[in-house]
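Only one structure is covered here, and it is reproduced in the block below.
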Amino acid sequence: MRNSAAESQPLRLRLLMYVTIKIILFLTLLFLVDRSLSSPIKQNKTKVLILGAGLAGIRAAKTLLDRNITDILILEGKNYTGGRIHAMKFTNYTIEAGANWIHFVNEDDTKPFLERKEARSVRVHTYNYSNIIMRDEDGKDVTDFAVVREFDDKVHNKIEEFQEERRTKNFPDMPARVGLQLMGWKGKRPIERAIEYFELDYEFAKPPEEVSFYSLFVSGEEFLVPDERGVWSMFEDLSKPLEKKTISGVLAKDLVTLEPALPDWKKEAIYKIPLSTYTKIYLKFPKKFWDDNEYILYVSKDLGRFPVWQDLSRPGINSVNSGMLEITVTGAEGRRIEGQSFNETKAEIMEILRKVYGEGIPEATDIYYHRWSKEPLTQGAFSDPVVGMTSKDWENIGKNLGRLYFAGEATSEEWYGYMQGAYLTGDKKGKMIAENIFLHEPISKPGKPKSEATLVKVTIPGVFLLSYLHSLLWN
Ligand SMILES: Cc1cc2nc3c(=O)[nH]c(=O)nc-3n(C[C@H](O)[C@H](O)[C@H](O)COP(=O)(O)OP(=O)(O)OC[C@H]3O[C@@H](n4cnc5c(N)ncnc54)[C@H](O)[C@@H]3O)c2cc1C
């Protein structure tokens, strides 16, 4: 049942089920293919088809493998494994295009990451967030920790109590900006706005006007992972055994279409968790000329314009001689930057840096940022719910449709946006699929391994198989 487009391009997959582009981009989809399908295609050996070799897909596959379910095929549109966890070489240094921090290191759900970090001696760096300087547009040091304390007193230290109080009274969600105002934080002066940006936009990747008040949280302890091997090296024990079951570059320029359409309740839940844009601009200079602080906050009248500068030329991150600086932009500004050339962005940044540090500073020799919002298979950095998202929506986003399962960070009510969300939902859905398989085929139980599907045989048939699923999914 291939359509003509698929016939003309064998690697293009058009699934005869409809799924919106968003799902593909936000979530990892796990397809459980019924072995008992009466398909005319001989090579229907792939029991489980996983779409996407990001952390969720790889975790799900490894969970299945650990249960002796070996008939797995992973299709990945990009030419590497890891999805939004992606280290790259930039000049002589390793940079992370995507995830770079292990957040909430004291939470139980983070333990698998910490164990992996320990097992592989992955280098981490802990930040001291008081090592900050604030510079205005003329380069004047305008650091004012009294404003930071004011934010902490009015918002940071009270937010959970305030949210709880409203929830107990069944008050509906509202934009974070309204909540901040109710809590007495106005955030009007440039310095207040710069600090508010560092506390909120820098975490949520969009302005408080767009963030759900109930989704605001107090950050836990965290590590930066500056290890040369990259963040993904922590997960190689998962992906290595799956190398022969992963086909990269499939659908690289295509998007999946599932028919019939997803039910409205599923679509609604997906639309409620859009991706935010978080753009990390890496710059390389011949030498360091900026302040010797972990962070430099740029206090501009133009909020959001290159607001956070992170000194990567520090012991524990890169060498002091590395000349590496990272500037982060988010939301609409991130989308603007990702839409323009490196040279245009470099020129804008150099103009600002010269005003702050003087005309004598050297020109950046290199610049790089990943254009996540422009990548059809990603479309942004991480998901963040709209105002009014409910637990019911979260339940709906993760709910399977027959044999079609959904995993990925965007499906986790507790951990959306973070690697924990991808890891935990991948593991959970892998277990659910395994249970389903055992239920129908007790012979597959651990201890009785099945023969592995050979890659050559399942490459195309595995794809074809999906075209038979539509009749099974929603009956
Ligand atoms: C700039 C940035 C900074 C971040 N910082 C952090 C951080 O510091 N800490 C943290 O915990 N998290 C961070 N995150 C978020 C974290 O990277 C993600 O939560 C996590 O990696 C998501 O994993 P996933 O498997 O759910 O999705 P993904 O990693 O997106 O995996 C999905 C995979 O599916 C593939 N795919 C999609 N559609 C198709 C298709 N049609 N055909 C074939 N393949 C397809 C994609 O190519 C991708 O490889 C960051 C993300 C970004 C982009």
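If you're wondering about the labels, chains in the structure tokens are A, B, ... by order shown, residues count from 1 in each chain, ligands from 1 in order shown.
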Show me a table, sorted first by chain and then by increasing residue number, of the residues of chain A having an atom at most 6 Å from ligand 1, each with its shortest atom pair and the distance in Å to one decimal, counting only C-alpha atoms and all ligand atoms and written as CSV.
```
residue,atom,partner,partner_atom_place_in_ligand_line,distance
A:Ile24,CA,ligand 1,38 (N),4.3
A:Leu25,CA,ligand 1,37 (C),4.8
A:Leu27,CA,ligand 1,26 (O),5.7
A:Thr28,CA,ligand 1,32 (C),5.2
A:Leu51,CA,ligand 1,44 (N),5.4
A:Gly52,CA,ligand 1,34 (O),3.1
A:Ala53,CA,ligand 1,49 (O),4.9
A:Gly54,CA,ligand 1,31 (O),3.3
A:Leu55,CA,ligand 1,25 (O),3.9
A:Ala56,CA,ligand 1,25 (O),3.7
A:Gly57,CA,ligand 1,25 (O),5.7
A:Leu75,CA,ligand 1,43 (C),5.4
A:Glu76,CA,ligand 1,44 (N),3.8
A:Gly77,CA,ligand 1,43 (C),3.6
A:Lys78,CA,ligand 1,47 (O),4.9
A:Gly82,CA,ligand 1,29 (O),5.8
A:Gly83,CA,ligand 1,49 (O),3.2
A:Arg84,CA,ligand 1,29 (O),3.9
A:Ile85,CA,ligand 1,21 (O),5.0
A:Ala97,CA,ligand 1,1 (C),5.8
A:Gly98,CA,ligand 1,2 (C),3.6
A:Ala99,CA,ligand 1,5 (N),3.3
A:Asn100,CA,ligand 1,8 (O),4.1
A:Trp101,CA,ligand 1,8 (O),3.6
A:Ile102,CA,ligand 1,9 (N),5.4
A:His103,CA,ligand 1,11 (O),6.0
A:Val250,CA,ligand 1,43 (C),5.9
A:Leu251,CA,ligand 1,42 (N),4.9
A:Leu255,CA,ligand 1,41 (N),4.6
A:Val256,CA,ligand 1,41 (N),4.9
A:Tyr278,CA,ligand 1,1 (C),5.2
A:Thr279,CA,ligand 1,1 (C),5.8
A:Leu377,CA,ligand 1,37 (C),4.4
A:Thr378,CA,ligand 1,30 (O),5.8
A:Ala381,CA,ligand 1,53 (C),3.4
A:Phe382,CA,ligand 1,15 (C),5.1
A:Gly408,CA,ligand 1,26 (O),3.2
A:Glu409,CA,ligand 1,26 (O),4.1
A:Gly417,CA,ligand 1,19 (O),4.6
A:Tyr418,CA,ligand 1,11 (O),3.5
A:Met419,CA,ligand 1,11 (O),3.8
A:Ala422,CA,ligand 1,26 (O),4.2
```
Task: Residue neighbourhood stretch 179-195 of chain A, 10 Å, only C-alpha atoms, exclusion window fewer than 5 positions, as an NGL selection string - done: :A and (134-136 or 142-145 or 147-148 or 150-155 or 158-159 or 162-163 or 173-174 or 200-202 or 208-209 or 212-214 or 216 or 297-304 or 307-308)
Only N, CA and C atoms, please: the residues just picked out, written as a compact mmCIF listing (two decimals), in the first residue's frame.
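What follows is the written file part.txt:
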```txt
# COMPACT_ATOMS: atom_id res chain seq x y z
N MET A 134 26.75 42.70 36.17
CA MET A 134 25.73 43.25 35.27
C MET A 134 26.29 44.50 34.61
N ARG A 135 26.23 44.53 33.30
CA ARG A 135 26.78 45.67 32.54
C ARG A 135 25.68 46.31 31.72
N ASP A 136 25.67 47.65 31.74
CA ASP A 136 24.66 48.31 30.91
C ASP A 136 25.20 48.54 29.50
N VAL A 142 26.64 47.85 36.61
CA VAL A 142 25.41 48.24 37.31
C VAL A 142 24.91 47.10 38.22
N THR A 143 25.85 46.23 38.59
CA THR A 143 25.47 45.06 39.41
C THR A 143 24.74 45.51 40.66
N ASP A 144 23.61 44.90 40.91
CA ASP A 144 22.82 45.29 42.09
C ASP A 144 22.16 44.03 42.67
N PHE A 145 22.81 43.46 43.65
CA PHE A 145 22.26 42.22 44.22
C PHE A 145 21.01 42.47 45.06
N VAL A 147 18.45 43.87 43.97
CA VAL A 147 17.33 43.53 43.07
C VAL A 147 17.16 42.01 43.01
N VAL A 148 18.27 41.30 43.02
CA VAL A 148 18.19 39.83 43.03
C VAL A 148 17.48 39.39 44.31
N GLU A 150 15.40 41.09 46.06
CA GLU A 150 13.99 41.48 45.98
C GLU A 150 13.19 40.43 45.19
N PHE A 151 13.79 39.96 44.08
CA PHE A 151 13.10 38.93 43.28
C PHE A 151 12.94 37.65 44.13
N ASP A 152 14.01 37.32 44.83
CA ASP A 152 13.95 36.11 45.67
C ASP A 152 12.88 36.24 46.74
N ASP A 153 12.85 37.39 47.42
CA ASP A 153 11.89 37.59 48.51
C ASP A 153 10.46 37.56 48.01
N LYS A 154 10.25 38.26 46.90
CA LYS A 154 8.86 38.40 46.42
C LYS A 154 8.37 37.18 45.64
N VAL A 155 9.28 36.56 44.90
CA VAL A 155 8.84 35.50 43.99
C VAL A 155 9.44 34.14 44.37
N LYS A 158 8.53 32.33 47.57
CA LYS A 158 7.12 32.22 47.93
C LYS A 158 6.28 31.53 46.87
N ILE A 159 6.87 31.27 45.74
CA ILE A 159 6.06 30.86 44.60
C ILE A 159 5.28 29.58 44.86
N PHE A 162 2.38 30.16 47.11
CA PHE A 162 1.35 30.96 46.44
C PHE A 162 0.56 30.13 45.43
N GLN A 163 1.29 29.31 44.70
CA GLN A 163 0.62 28.44 43.72
C GLN A 163 -0.32 27.47 44.45
N ASP A 173 -5.41 28.57 36.11
CA ASP A 173 -4.06 29.00 35.72
C ASP A 173 -4.14 30.40 35.10
N MET A 174 -3.01 31.05 34.99
CA MET A 174 -2.96 32.40 34.39
C MET A 174 -1.55 32.60 33.86
N LEU A 200 13.82 33.69 34.79
CA LEU A 200 12.66 33.04 34.15
C LEU A 200 12.87 32.71 32.68
N ASP A 201 13.01 33.71 31.83
CA ASP A 201 13.12 33.44 30.38
C ASP A 201 14.28 32.49 30.08
N TYR A 202 15.36 32.64 30.80
CA TYR A 202 16.56 31.84 30.57
C TYR A 202 16.29 30.35 30.87
N PRO A 208 7.43 35.75 30.46
CA PRO A 208 6.40 35.41 31.45
C PRO A 208 4.98 35.60 30.94
N GLU A 209 4.80 36.44 29.93
CA GLU A 209 3.46 36.64 29.36
C GLU A 209 2.95 35.32 28.77
N SER A 212 2.93 29.48 31.64
CA SER A 212 1.85 29.16 32.57
C SER A 212 2.32 29.42 34.00
N PHE A 213 1.51 30.13 34.78
CA PHE A 213 1.91 30.43 36.16
C PHE A 213 2.08 29.14 36.96
N TYR A 214 1.19 28.19 36.74
CA TYR A 214 1.28 26.94 37.51
C TYR A 214 2.49 26.10 37.11
N LEU A 216 5.51 27.41 36.75
CA LEU A 216 6.73 27.99 37.30
C LEU A 216 7.23 27.10 38.44
N LEU A 297 25.43 39.70 32.84
CA LEU A 297 24.06 40.02 32.39
C LEU A 297 24.12 41.37 31.68
N TYR A 298 23.61 41.39 30.48
CA TYR A 298 23.62 42.62 29.69
C TYR A 298 22.32 43.36 29.97
N VAL A 299 22.44 44.48 30.66
CA VAL A 299 21.27 45.24 31.08
C VAL A 299 20.95 46.26 29.99
N SER A 300 20.12 45.83 29.07
CA SER A 300 19.82 46.68 27.92
C SER A 300 18.39 47.20 28.04
N LYS A 301 18.12 48.33 27.40
CA LYS A 301 16.73 48.83 27.38
C LYS A 301 15.90 47.93 26.47
N ASP A 302 16.61 47.23 25.59
CA ASP A 302 16.01 46.32 24.63
C ASP A 302 16.00 44.92 25.22
N LEU A 303 15.04 44.59 26.04
CA LEU A 303 15.05 43.32 26.76
C LEU A 303 15.10 42.13 25.79
N GLY A 304 15.94 41.18 26.12
CA GLY A 304 16.01 39.95 25.31
C GLY A 304 17.08 40.01 24.25
N PRO A 307 20.98 38.81 26.13
CA PRO A 307 20.90 39.17 27.55
C PRO A 307 21.84 38.43 28.50
N VAL A 308 22.24 37.18 28.14
CA VAL A 308 23.04 36.39 29.09
C VAL A 308 24.32 35.93 28.42
```
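Around stretch 237-248 of chain A, within 8 Å and counting only C-alpha atoms, the residues found are Ala53, Ile58, Arg59, Ala61, Lys62, Ile72, Leu73, Ile74, Leu75, Glu76, Gly77, Lys78, Asn79, Tyr80, Thr81, Met234, Leu455 and Thr459 of chain A, once anything fewer than 3 positions away on its own chain is removed.
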Open item on the list: Which residues are close to A:Lys266, i.e. within 9 Å by only C-alpha atoms, leaving aside same-chain residues fewer than 5 positions away? Reply as a list of chain:residue names.
Closed with: A:Tyr271, A:Asp393, A:Asn396, A:Ile397, A:Gly398, A:Lys399
TODO: Record the distance separating atom CA of A:Leu224 and atom CA of A:Lys429, expressed in Å with one decimal.
DONE: 28.5 Å
Open item on the list: My list of candidates is A:Leu424, A:Leu64, A:Arg167, A:Met350. Which is closest to A:Phe438 when distances are computed with only C-alpha atoms?
Closed with: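 Of A:Leu424, A:Leu64, A:Arg167, A:Met350, the one nearest A:Phe438, counting only C-alpha atoms, is A:Leu64.
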- [ ] Give me the residues within 9 Å of A:Pro207 as a list in words, counting only C-alpha atoms and dropping any in the same chain fewer than 2 places off.
- [x]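 So the residues in contact are Ala176, Arg177, Tyr197, Leu200, Asp201, Phe204, Ala205, Glu209, Glu210, Val211, Thr330 and Gly331 of chain A.
A straight line drawn from atom CA of A:Glu338 to atom CA of A:Pro376 is 13.4 Å long.
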Open item on the list: I need the residue nearest A:Phe90 from this list: A:Glu236, A:Glu199, A:Glu359, A:Glu228. Use only C-alpha atoms for the distance.
Closed with: A:Glu228
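For the atom pair formed by atom CA of A:Glu96 and atom CA of A:Ala364, the distance is 19.1 Å, given to one decimal.
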Open item on the list: Going by DSSP on the backbone, which residues of stretch 129-362 of chain A come out as helix (DSSP H, G or I)? List them as a PyMOL selection string.
Closed with: chain A and resi 145-156+159-168+176-182+190-204+213-215+231-245+264-271+331-338+342-357
- [ ] Using only C-alpha atoms, pick whichever of A:Leu312, A:Gly358, A:Ala269, A:Asn343 has the shortest atom-to-atom distance to A:Ile327.
- [x]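 Closest to A:Ile327 of all the choices is A:Leu312.
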Near A:Lys284, counting only C-alpha atoms, which residues have an atom at most 12 Å away, once you skip same-chain residues fewer than 6 positions from it, shown as a PDB file with C-alpha atoms, in the first residue's frame?
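Okay, this is what ended up in part_11.pdb:
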```pdb
ATOM      1  CA  PHE A  90      33.745  23.974  17.382  1.00  0.00           C
ATOM      2  CA  THR A  91      37.336  25.092  16.726  1.00  0.00           C
ATOM      3  CA  ASN A  92      39.263  22.871  19.149  1.00  0.00           C
ATOM      4  CA  TYR A  93      36.509  22.511  21.691  1.00  0.00           C
ATOM      5  CA  ILE A  95      30.247  22.291  22.412  1.00  0.00           C
ATOM      6  CA  ASP A 311      32.104  32.731  30.312  1.00  0.00           C
ATOM      7  CA  LEU A 312      33.288  29.372  28.987  1.00  0.00           C
ATOM      8  CA  SER A 313      36.941  30.355  29.379  1.00  0.00           C
ATOM      9  CA  ASN A 318      37.427  25.154  29.040  1.00  0.00           C
ATOM     10  CA  ASN A 321      42.983  30.566  27.139  1.00  0.00           C
ATOM     11  CA  SER A 322      40.120  29.114  25.159  1.00  0.00           C
ATOM     12  CA  GLY A 323      38.596  32.517  24.341  1.00  0.00           C
ATOM     13  CA  MET A 324      35.140  30.927  24.358  1.00  0.00           C
ATOM     14  CA  LEU A 325      32.009  32.880  25.201  1.00  0.00           C
ATOM     15  CA  GLU A 326      28.414  31.656  25.036  1.00  0.00           C
ATOM     16  CA  ILE A 327      25.483  34.017  24.560  1.00  0.00           C
ATOM     17  CA  LYS A 346      28.369  38.183  14.798  1.00  0.00           C
ATOM     18  CA  MET A 350      30.514  42.679  18.103  1.00  0.00           C
ATOM     19  CA  PRO A 362      39.529  41.481  19.080  1.00  0.00           C
ATOM     20  CA  GLU A 363      37.000  40.334  16.512  1.00  0.00           C
ATOM     21  CA  ALA A 364      35.456  36.902  17.080  1.00  0.00           C
ATOM     22  CA  THR A 365      37.207  34.410  14.829  1.00  0.00           C
ATOM     23  CA  ASP A 366      34.362  31.871  14.824  1.00  0.00           C
ATOM     24  CA  ILE A 367      30.682  31.694  15.638  1.00  0.00           C
ATOM     25  CA  TYR A 368      28.225  28.797  15.751  1.00  0.00           C
ATOM     26  CA  TYR A 369      24.661  28.220  16.826  1.00  0.00           C
TER      27      TYR A 369
END
```
Task: Minimum-distance residue to A:Asp138, chosen among A:Lys431, A:Asn400, A:Asn106, A:Glu351 (using only C-alpha atoms) - done: A:Glu351
Open item on the list: Using only C-alpha atoms for the distances, tell me which of A:Ile352, A:Val231, A:Ile337, A:Ala347 is nearest to A:Arg123.
Closed with: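 Closest residue, counting only C-alpha atoms: A:Val231.
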